[in-house]
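Single-structure report; data block below.
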Number of protein chains: 2
Amino acid sequence: MNDTRASVMEIAKRRGFYWKAYEIYGGLGGFYDYGPLGAWLKENILNIWKEEFVVKDGLLMLDGPNIGPEIMYIASGHAEKFTDYMVKCKKCGHVFRADELLKSYVENPEKLDKEGIKRAIKEHNVKCPDCGGDLSNPERFHLMFSTKVGLDKNAFLRPETAQGIFVNFPIMYRLNREKLPMGVAQIGKGFRNEISPRQGLLRLREFNMAEIELFIDPYQEPKLEGMENTMLTLLTREEKEIKISAMEAIERGIMAPYIAYYMAKIVRFLEKLGVDLNRVRFRQHFKEELAHYARDTWDCEILISSGWIEVIGIADRGDYDLRRHMTYSGRDLTALRRFKEPKKIKIRKMRARMEILGPMFKKNAGRIAEIIESMDYVEGDFEIELDGKIVKIPRDAYEVVVEEETIGGERFIPHVIEPSFGIDRLLYAILEHSYYERKESGYKVFKLPPRLAPIKAGVFPLMPKDNLDTLAKKILKNLRNAGIQSYYDDSGSIGRRYARADEIGVPFCITVDYQSLKDSTVTVRERDTARQKRVAVDSLGETIRKLVDEKISFEEL
Amino acid sequence: MNDTRASVMEIAKRRGFYWKAYEIYGGLGGFYDYGPLGAWLKENILNIWKEEFVVKDGLLMLDGPNIGPEIMYIASGHAEKFTDYMVKCKKCGHVFRADELLKSYVENPEKLDKEGIKRAIKEHNVKCPDCGGDLSNPERFHLMFSTKVGLDKNAFLRPETAQGIFVNFPIMYRLNREKLPMGVAQIGKGFRNEISPRQGLLRLREFNMAEIELFIDPYQEPKLEGMENTMLTLLTREEKEIKISAMEAIERGIMAPYIAYYMAKIVRFLEKLGVDLNRVRFRQHFKEELAHYARDTWDCEILISSGWIEVIGIADRGDYDLRRHMTYSGRDLTALRRFKEPKKIKIRKMRARMEILGPMFKKNAGRIAEIIESMDYVEGDFEIELDGKIVKIPRDAYEVVVEEETIGGERFIPHVIEPSFGIDRLLYAILEHSYYERKESGYKVFKLPPRLAPIKAGVFPLMPKDNLDTLAKKILKNLRNAGIQSYYDDSGSIGRRYARADEIGVPFCITVDYQSLKDSTVTVRERDTARQKRVAVDSLGETIRKLVDEKISFEEL
């Protein structure tokens, strides 16, 4: 474990960003708690996400359940295909994810199928890393957590929030007044019963996601809304790294236009979060690596101390999901493509022949004629239902005519572009990228952007006496009543208190000193520059609020 | 179903507040989706909750997993006791919750035990409400959803967020610098496999909670922080309704002080959400109704069209949870009660007698003496472990001396006061209480407080032409870039558009008219008064923001 990673994880646990869940019971692999600081940091990330992706672009939010019915995951293909290959040690019984295990032996082990894994294990004589024992043949391991609803209904915990969006397509489409493109966003938990969850936030069994399903008409001109010139670093499937603008990438046909649009939005979003853009790239999936639903996928990867990690995936899911749910539910999940000009088309229609129907069906003949004429064209004899009874209609009871009709549009299954954010990994990357040690003192600092910082202000009386503490506590109360996350600290030297604040990324520290008692001003210290300015107590809440919202800069104070 | 309920549910579905989840697959009982409006409404409720309960009071947030290990729920008592009685129809096989079924036959059926239920069914000749068939004997039905983690570890979906807080007590206590009272707040999903989930948001199998565990020293003087005079409506266990101030309720010993504190805070919170306080009361649980962990519980009930519903519970959990987790985990979950003055106490200590140990244990005698002297006092012969071997120590190898020690405090298990908010029910109650129909027109309105409203502004061009639409779209974009949830509507008359906005509680509607093109002002219409004022386009974003945050009132514009 390298230094940055070790420092971040040490502070994370000691100061309350995150830690292994259920520690008093020995933990549960792949489950983490966000402590007071991590919970606020996560929330602040999500708030900026909502502003950038949902509010600005006018997307629709959805907030659905974690538990979903089995049929939905049969339709989505997860019940069958959402698996990883695992191998088991024949000696100690430990279980490993095959591609993880083979990482140091072969390149791109995620490309291997069952036979390939078997071969690689044999060829490289791979043994159990825990005990050196022989390994079993690879087997598929199911990654969804299952449970029962009511007495006996099979259900799963969602492996992605996406399916909950797809099955709501008809409602969302109606709410969006039947217009495309339509973006639907969902924030929530995802669950994957990983074979070997990693330490830390990088591979959890229960994780935080923020997903967008953008439903588009693939024949409609995309809207890029000012994202054209944003520069992207791409690593294509051919393993070439190129730097290119979003517009150029589209023009050269490297990816679907809306993938490029979201890449550009992601770059701007990451910049706001304090991620170093020199350590951000978009890597295209190999064909063998694509999920069962994806036509193309690009991972937004961020370089952290342990290497490049996938943080956001942008997948072109085509019409896979809606088409499958249409088949399995029998419901109409299409959209209407309006023609610029109405089209004339020829259709075959059925006309009832009353001269045949009349004698055959007597008083029911009229109703039967109505049914026949409302039907789509069929051939030969057929059956209809009338008052719960089957009625046979012979071919000579109707004739077929060809009519011309004018239609304004046609139904089609929308395609889906899906940017999917792994919030836990993003949070971890932000921590690493914002971490540094002060040159002189070696003190540790998270230079989190103020809007992200879990706690906005620390309030310190120079001494916990002489009414300095009374005033400081009053200030604390006023800040909190103004909705500003603040805390009070009166222990140790002011320098020590600043250092403690820096270590959790508090952007502004307020010190109440003896001058405060005379002129009702306090010092405000800015974290990154360590500079101080005096601010009137009366305007403190407003000042901190403006600083945090970046309405004013510290220089302008 | 009464009128208000029917109207709210109809609008909820048609306009996108919430609806039954997985409809295209026939739904899944007890699971709902929040649509675009509901998702924002829920989030706005939670934001106010965090401000009022977490930020203002300096509570610690926690954000843990939904899945928890079996041992934790054995310790918490849920594995054994978290059940409801169900009865099954012998004819049609339908399953019913016993107390629900007996509601119309006996008073307070939740008080009945197994025998009581059996007797009541017989006495009142209760049959299956669906087919009239005979009912089975009552059986306990387990309310937790279970799953497996990894290959075979039993785990449950949390029925409350509380346990995740209790097991983190040692970490949180350290983060809080070992001070009590300490409040820890958690927002998230709860899961209960209800036997008979109800239609709508009132009894879900997966629901939204916001919980606080306030860890207190029961001997410490409570801090009421300005909540003393808030008036409470109480329905005591004796079924007497009284109106009383929080302070008086405490003085008369009606409930624990912190229960009264939270009642007062809840009253103020509900007022902010637009809940009618005349339809709010706190009902004390009957003894038989108390959960297995509770010493006392008060439900905050809100009167909606279908009667009183429990929305928030405030439970005195005593030291039940921490004590149980201490036992099951073997870990120290106590806090330190510091004495005002150090106390002198006499303790019995063991002194090794080297004259016995030396000859007996030779070169190990020293190490054994050390172990003996570090032990708590025991009686008679005993065994210790040395280098993995059991060593018998006879009574004559040590003597017992009485020593005086000065101690600064004592360890104790904190008690817990738990306010637990059911967010879905709260959201529904807010919708009902804010719903009305305009007198003249009959148009439907949700008079949601602006901060709660899912959408803050509608932007309407008087006509979708003459550049009115261009300006309106520019305004929309600016509002969205300022982080204000807004939408555009150019269809139908302005009156119709106002009505559509009222129906989803949009507090401010902006109309772009021909005057706008001349003087760059627009009209802003306030929902509740339907009055309009002209506002400069340039300051629109700021004005709407201030109106929403209640920094200025519409009159002051």
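In the structure tokens, each chain is lettered A, B, ... as it comes, each chain's residues begin at 1, and ligands are numbered from 1 in order of appearance.
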So which residues of segment 172-343 of chain A fall under alpha helix (DSSP H) by DSSP, listed as an MDAnalysis selection string? chainID A and resid 172:175 246:251 257:272 320:329
Please save N, CA and C atoms of the selected residues as a CSV table (one decimal), in the first residue's frame.
chain,number,residue,atom,x,y,z
A,172,MET,N,-42.8,7.6,-17.8
A,172,MET,CA,-41.9,8.8,-17.9
A,172,MET,C,-42.1,9.5,-19.3
A,173,TYR,N,-42.3,8.7,-20.3
A,173,TYR,CA,-42.5,9.2,-21.6
A,173,TYR,C,-43.8,10.1,-21.7
A,174,ARG,N,-44.8,9.6,-21.0
A,174,ARG,CA,-46.0,10.5,-20.9
A,174,ARG,C,-45.8,11.7,-20.1
A,175,LEU,N,-45.1,11.6,-19.0
A,175,LEU,CA,-44.8,12.8,-18.2
A,175,LEU,C,-43.9,13.8,-18.9
A,246,ALA,N,-14.8,17.1,-28.1
A,246,ALA,CA,-16.0,16.3,-28.2
A,246,ALA,C,-16.5,16.3,-29.6
A,247,MET,N,-16.5,17.5,-30.2
A,247,MET,CA,-17.1,17.6,-31.5
A,247,MET,C,-16.3,16.8,-32.6
A,248,GLU,N,-15.0,16.9,-32.4
A,248,GLU,CA,-14.1,16.2,-33.4
A,248,GLU,C,-14.3,14.6,-33.2
A,249,ALA,N,-14.4,14.2,-32.0
A,249,ALA,CA,-14.6,12.8,-31.7
A,249,ALA,C,-15.9,12.3,-32.4
A,250,ILE,N,-16.9,13.1,-32.3
A,250,ILE,CA,-18.2,12.7,-33.0
A,250,ILE,C,-18.0,12.7,-34.5
A,251,GLU,N,-17.4,13.8,-35.0
A,251,GLU,CA,-17.2,13.9,-36.5
A,251,GLU,C,-16.4,12.7,-37.0
A,257,PRO,N,-22.8,10.3,-30.6
A,257,PRO,CA,-22.8,11.7,-30.2
A,257,PRO,C,-23.1,11.9,-28.7
A,258,TYR,N,-24.1,11.3,-28.2
A,258,TYR,CA,-24.5,11.5,-26.8
A,258,TYR,C,-23.4,10.9,-25.8
A,259,ILE,N,-22.7,10.0,-26.3
A,259,ILE,CA,-21.6,9.5,-25.4
A,259,ILE,C,-20.6,10.6,-25.3
A,260,ALA,N,-20.3,11.2,-26.4
A,260,ALA,CA,-19.3,12.4,-26.4
A,260,ALA,C,-19.9,13.5,-25.5
A,261,TYR,N,-21.2,13.8,-25.7
A,261,TYR,CA,-21.8,14.8,-24.9
A,261,TYR,C,-21.6,14.6,-23.4
A,262,TYR,N,-21.9,13.4,-23.0
A,262,TYR,CA,-21.7,13.1,-21.5
A,262,TYR,C,-20.2,13.0,-21.1
A,263,MET,N,-19.4,12.6,-22.0
A,263,MET,CA,-17.9,12.7,-21.6
A,263,MET,C,-17.6,14.2,-21.3
A,264,ALA,N,-18.0,15.1,-22.1
A,264,ALA,CA,-17.7,16.5,-21.9
A,264,ALA,C,-18.3,17.0,-20.6
A,265,LYS,N,-19.6,16.6,-20.4
A,265,LYS,CA,-20.2,17.0,-19.1
A,265,LYS,C,-19.5,16.4,-17.9
A,266,ILE,N,-19.0,15.2,-18.1
A,266,ILE,CA,-18.3,14.6,-17.0
A,266,ILE,C,-17.0,15.3,-16.7
A,267,VAL,N,-16.3,15.7,-17.7
A,267,VAL,CA,-15.0,16.4,-17.5
A,267,VAL,C,-15.3,17.7,-16.7
A,268,ARG,N,-16.3,18.4,-17.1
A,268,ARG,CA,-16.6,19.7,-16.3
A,268,ARG,C,-17.1,19.4,-14.9
A,269,PHE,N,-17.8,18.3,-14.7
A,269,PHE,CA,-18.3,17.9,-13.4
A,269,PHE,C,-17.1,17.5,-12.5
A,270,LEU,N,-16.2,16.7,-13.0
A,270,LEU,CA,-15.0,16.3,-12.2
A,270,LEU,C,-14.2,17.5,-11.8
A,271,GLU,N,-14.1,18.5,-12.7
A,271,GLU,CA,-13.3,19.7,-12.4
A,271,GLU,C,-13.9,20.4,-11.2
A,272,LYS,N,-15.2,20.5,-11.2
A,272,LYS,CA,-15.9,21.1,-10.0
A,272,LYS,C,-15.6,20.4,-8.7
A,320,TYR,N,-31.7,-2.7,-26.5
A,320,TYR,CA,-31.8,-4.0,-25.9
A,320,TYR,C,-32.8,-4.0,-24.8
A,321,ASP,N,-32.7,-3.1,-23.8
A,321,ASP,CA,-33.5,-3.2,-22.6
A,321,ASP,C,-35.0,-3.1,-22.9
A,322,LEU,N,-35.4,-2.0,-23.6
A,322,LEU,CA,-36.8,-1.8,-23.9
A,322,LEU,C,-37.4,-2.9,-24.7
A,323,ARG,N,-36.6,-3.4,-25.6
A,323,ARG,CA,-37.1,-4.5,-26.5
A,323,ARG,C,-37.3,-5.7,-25.6
A,324,ARG,N,-36.4,-6.0,-24.7
A,324,ARG,CA,-36.6,-7.2,-23.9
A,324,ARG,C,-37.8,-7.0,-23.0
A,325,HIS,N,-37.9,-5.9,-22.3
A,325,HIS,CA,-39.1,-5.7,-21.4
A,325,HIS,C,-40.4,-5.7,-22.2
A,326,MET,N,-40.4,-5.2,-23.5
A,326,MET,CA,-41.6,-5.3,-24.3
A,326,MET,C,-42.0,-6.7,-24.5
A,327,THR,N,-41.0,-7.6,-24.8
A,327,THR,CA,-41.3,-9.0,-25.0
A,327,THR,C,-41.8,-9.7,-23.8
A,328,TYR,N,-41.2,-9.4,-22.6
A,328,TYR,CA,-41.5,-10.1,-21.4
A,328,TYR,C,-42.8,-9.6,-20.8
A,329,SER,N,-43.1,-8.3,-20.9
A,329,SER,CA,-44.3,-7.7,-20.3
A,329,SER,C,-45.5,-7.7,-21.2
Got a sec to tell me which of segment 304-514 of chain B DSSP assigns to strand (DSSP E), as a PyMOL selection string? chain B and resi 304+307-318+335-352+382-386+389-393+398-412+415-422+435-437+444-446+457-461+486-488+508-512
Quick check, in Å to one decimal: how far apart do atom CA of Arg500 of chain B and atom CA of Ala530 of chain B lie?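 Answer for the atom CA of Arg500 of chain B to atom CA of Ala530 of chain B separation: 13.3 Å.
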Quick one: residues within 12 Å of Ile195 of chain B, only C-alpha atoms, excluding same-chain residues fewer than 6 positions away - as a PyMOL selection string? (chain A and resi 149-152) or (chain B and resi 29-30+83-88+94-101+139-145+203-205)
Once you count only C-alpha atoms, what closest atom pair and distance in Å to one decimal does each residue of chain B within 6 Å of chain A have, with rows by chain and rising residue number, as a Markdown table?
| residue | atom | partner | partner_atom | distance |
| --- | --- | --- | --- | --- |
| B:Ile24 | CA | A:Ser329 | CA | 5.9 |
| B:Tyr25 | CA | A:Ser329 | CA | 5.7 |
| B:Asp33 | CA | A:Gly64 | CA | 4.3 |
| B:Tyr34 | CA | A:Asp63 | CA | 4.9 |
| B:Gly35 | CA | A:Leu62 | CA | 4.9 |
| B:Pro36 | CA | A:Met61 | CA | 4.4 |
| B:Ala39 | CA | A:Asp63 | CA | 5.7 |
| B:Glu51 | CA | A:Gly483 | CA | 5.7 |
| B:Val55 | CA | A:Gln485 | CA | 5.7 |
| B:Lys56 | CA | A:Arg480 | CA | 4.8 |
| B:Leu60 | CA | A:Pro36 | CA | 5.2 |
| B:Met61 | CA | A:Pro36 | CA | 4.4 |
| B:Leu62 | CA | A:Gly35 | CA | 4.9 |
| B:Asp63 | CA | A:Tyr34 | CA | 4.9 |
| B:Gly64 | CA | A:Asp33 | CA | 4.3 |
| B:Ser146 | CA | A:Thr147 | CA | 5.9 |
| B:Thr147 | CA | A:Thr147 | CA | 5.3 |
| B:Ser329 | CA | A:Tyr25 | CA | 5.7 |
| B:Arg480 | CA | A:Lys56 | CA | 4.8 |
| B:Asn481 | CA | A:Lys56 | CA | 5.5 |
| B:Gly483 | CA | A:Glu51 | CA | 5.7 |
| B:Gln485 | CA | A:Val55 | CA | 5.7 |
Same residues, N, CA, C and O atoms, saved as a PDB file, in the first residue's frame:
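Produced file out.pdb, reproduced below:
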ATOM      1  N   ILE B  24     -45.649  -2.615 -15.289  1.00  0.00           N
ATOM      2  CA  ILE B  24     -45.726  -3.369 -16.548  1.00  0.00           C
ATOM      3  C   ILE B  24     -45.638  -4.872 -16.282  1.00  0.00           C
ATOM      4  O   ILE B  24     -45.983  -5.664 -17.145  1.00  0.00           O
ATOM      5  N   TYR B  25     -45.170  -5.251 -15.118  1.00  0.00           N
ATOM      6  CA  TYR B  25     -45.157  -6.674 -14.749  1.00  0.00           C
ATOM      7  C   TYR B  25     -46.227  -6.994 -13.706  1.00  0.00           C
ATOM      8  O   TYR B  25     -46.084  -7.923 -12.916  1.00  0.00           O
ATOM      9  N   ASP B  33     -42.777   3.553  -6.630  1.00  0.00           N
ATOM     10  CA  ASP B  33     -41.786   4.448  -7.224  1.00  0.00           C
ATOM     11  C   ASP B  33     -42.155   5.891  -6.889  1.00  0.00           C
ATOM     12  O   ASP B  33     -43.334   6.253  -6.936  1.00  0.00           O
ATOM     13  N   TYR B  34     -41.146   6.696  -6.588  1.00  0.00           N
ATOM     14  CA  TYR B  34     -41.357   8.128  -6.612  1.00  0.00           C
ATOM     15  C   TYR B  34     -40.978   8.629  -7.988  1.00  0.00           C
ATOM     16  O   TYR B  34     -39.861   8.390  -8.462  1.00  0.00           O
ATOM     17  N   GLY B  35     -41.908   9.308  -8.620  1.00  0.00           N
ATOM     18  CA  GLY B  35     -41.635   9.905  -9.917  1.00  0.00           C
ATOM     19  C   GLY B  35     -40.882  11.218  -9.744  1.00  0.00           C
ATOM     20  O   GLY B  35     -40.437  11.554  -8.648  1.00  0.00           O
ATOM     21  N   PRO B  36     -40.752  11.965 -10.845  1.00  0.00           N
ATOM     22  CA  PRO B  36     -39.953  13.193 -10.808  1.00  0.00           C
ATOM     23  C   PRO B  36     -40.375  14.159  -9.685  1.00  0.00           C
ATOM     24  O   PRO B  36     -39.526  14.706  -8.992  1.00  0.00           O
ATOM     25  N   ALA B  39     -39.787  12.419  -6.068  1.00  0.00           N
ATOM     26  CA  ALA B  39     -38.371  12.290  -5.717  1.00  0.00           C
ATOM     27  C   ALA B  39     -37.831  13.622  -5.175  1.00  0.00           C
ATOM     28  O   ALA B  39     -37.130  13.656  -4.164  1.00  0.00           O
ATOM     29  N   GLU B  51     -31.425  19.882   8.233  1.00  0.00           N
ATOM     30  CA  GLU B  51     -31.138  21.203   8.791  1.00  0.00           C
ATOM     31  C   GLU B  51     -31.655  21.322  10.220  1.00  0.00           C
ATOM     32  O   GLU B  51     -30.943  21.792  11.109  1.00  0.00           O
ATOM     33  N   VAL B  55     -27.997  19.513  11.569  1.00  0.00           N
ATOM     34  CA  VAL B  55     -27.097  20.675  11.572  1.00  0.00           C
ATOM     35  C   VAL B  55     -27.325  21.534  12.816  1.00  0.00           C
ATOM     36  O   VAL B  55     -26.384  21.847  13.541  1.00  0.00           O
ATOM     37  N   LYS B  56     -28.582  21.896  13.076  1.00  0.00           N
ATOM     38  CA  LYS B  56     -28.858  22.799  14.204  1.00  0.00           C
ATOM     39  C   LYS B  56     -28.404  22.226  15.535  1.00  0.00           C
ATOM     40  O   LYS B  56     -27.897  22.936  16.386  1.00  0.00           O
ATOM     41  N   LEU B  60     -24.293  13.826  14.623  1.00  0.00           N
ATOM     42  CA  LEU B  60     -23.392  13.135  13.708  1.00  0.00           C
ATOM     43  C   LEU B  60     -24.207  12.310  12.720  1.00  0.00           C
ATOM     44  O   LEU B  60     -25.120  11.587  13.121  1.00  0.00           O
ATOM     45  N   MET B  61     -23.857  12.422  11.446  1.00  0.00           N
ATOM     46  CA  MET B  61     -24.554  11.606  10.446  1.00  0.00           C
ATOM     47  C   MET B  61     -23.838  10.266  10.309  1.00  0.00           C
ATOM     48  O   MET B  61     -22.627  10.178  10.517  1.00  0.00           O
ATOM     49  N   LEU B  62     -24.613   9.252   9.934  1.00  0.00           N
ATOM     50  CA  LEU B  62     -24.040   7.953   9.604  1.00  0.00           C
ATOM     51  C   LEU B  62     -24.796   7.458   8.377  1.00  0.00           C
ATOM     52  O   LEU B  62     -25.978   7.760   8.205  1.00  0.00           O
ATOM     53  N   ASP B  63     -24.095   6.747   7.503  1.00  0.00           N
ATOM     54  CA  ASP B  63     -24.740   6.272   6.282  1.00  0.00           C
ATOM     55  C   ASP B  63     -24.203   4.874   6.007  1.00  0.00           C
ATOM     56  O   ASP B  63     -23.154   4.711   5.400  1.00  0.00           O
ATOM     57  N   GLY B  64     -24.906   3.887   6.503  1.00  0.00           N
ATOM     58  CA  GLY B  64     -24.424   2.501   6.440  1.00  0.00           C
ATOM     59  C   GLY B  64     -25.232   1.645   5.484  1.00  0.00           C
ATOM     60  O   GLY B  64     -26.177   2.113   4.858  1.00  0.00           O
ATOM     61  N   SER B 146     -34.513 -11.874   4.064  1.00  0.00           N
ATOM     62  CA  SER B 146     -33.203 -12.485   4.255  1.00  0.00           C
ATOM     63  C   SER B 146     -32.525 -12.723   2.919  1.00  0.00           C
ATOM     64  O   SER B 146     -33.173 -12.811   1.876  1.00  0.00           O
ATOM     65  N   THR B 147     -31.211 -12.807   2.942  1.00  0.00           N
ATOM     66  CA  THR B 147     -30.444 -13.107   1.746  1.00  0.00           C
ATOM     67  C   THR B 147     -29.132 -13.766   2.168  1.00  0.00           C
ATOM     68  O   THR B 147     -28.920 -14.014   3.363  1.00  0.00           O
ATOM     69  N   SER B 329     -21.266  -9.321  21.045  1.00  0.00           N
ATOM     70  CA  SER B 329     -20.001  -9.044  20.353  1.00  0.00           C
ATOM     71  C   SER B 329     -18.800  -9.188  21.283  1.00  0.00           C
ATOM     72  O   SER B 329     -17.670  -9.297  20.823  1.00  0.00           O
ATOM     73  N   ARG B 480     -32.220  27.348 -14.535  1.00  0.00           N
ATOM     74  CA  ARG B 480     -31.649  26.018 -14.324  1.00  0.00           C
ATOM     75  C   ARG B 480     -30.159  26.111 -14.015  1.00  0.00           C
ATOM     76  O   ARG B 480     -29.660  25.392 -13.149  1.00  0.00           O
ATOM     77  N   ASN B 481     -29.464  26.996 -14.701  1.00  0.00           N
ATOM     78  CA  ASN B 481     -28.035  27.155 -14.410  1.00  0.00           C
ATOM     79  C   ASN B 481     -27.804  27.693 -13.001  1.00  0.00           C
ATOM     80  O   ASN B 481     -26.747  27.479 -12.423  1.00  0.00           O
ATOM     81  N   GLY B 483     -29.410  26.602 -10.606  1.00  0.00           N
ATOM     82  CA  GLY B 483     -29.752  25.489  -9.714  1.00  0.00           C
ATOM     83  C   GLY B 483     -31.212  25.466  -9.297  1.00  0.00           C
ATOM     84  O   GLY B 483     -31.574  24.800  -8.332  1.00  0.00           O
ATOM     85  N   GLN B 485     -34.961  24.342  -9.942  1.00  0.00           N
ATOM     86  CA  GLN B 485     -35.762  23.375 -10.690  1.00  0.00           C
ATOM     87  C   GLN B 485     -36.901  24.106 -11.405  1.00  0.00           C
ATOM     88  O   GLN B 485     -37.816  24.611 -10.763  1.00  0.00           O
TER      89      GLN B 485
END
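Restricting the calculation to only C-alpha atoms, the smallest distance between Ile11 of chain A and any of A:Ala457, A:Val445, A:Ala352, A:Leu234 is found for A:Val445.
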Which of these residues is nearest to Cys300 of chain B, using only C-alpha atoms: B:Asp319, B:Ile242, B:Lys114, B:Leu235? B:Leu235
Which residue out of A:Glu115, A:Glu107, A:Glu213, A:Glu555 has the minimum interatomic distance to His415 of chain A when only C-alpha atoms are used?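 Residue with the minimum atom-to-atom distance to His415 of chain A: A:Glu213.
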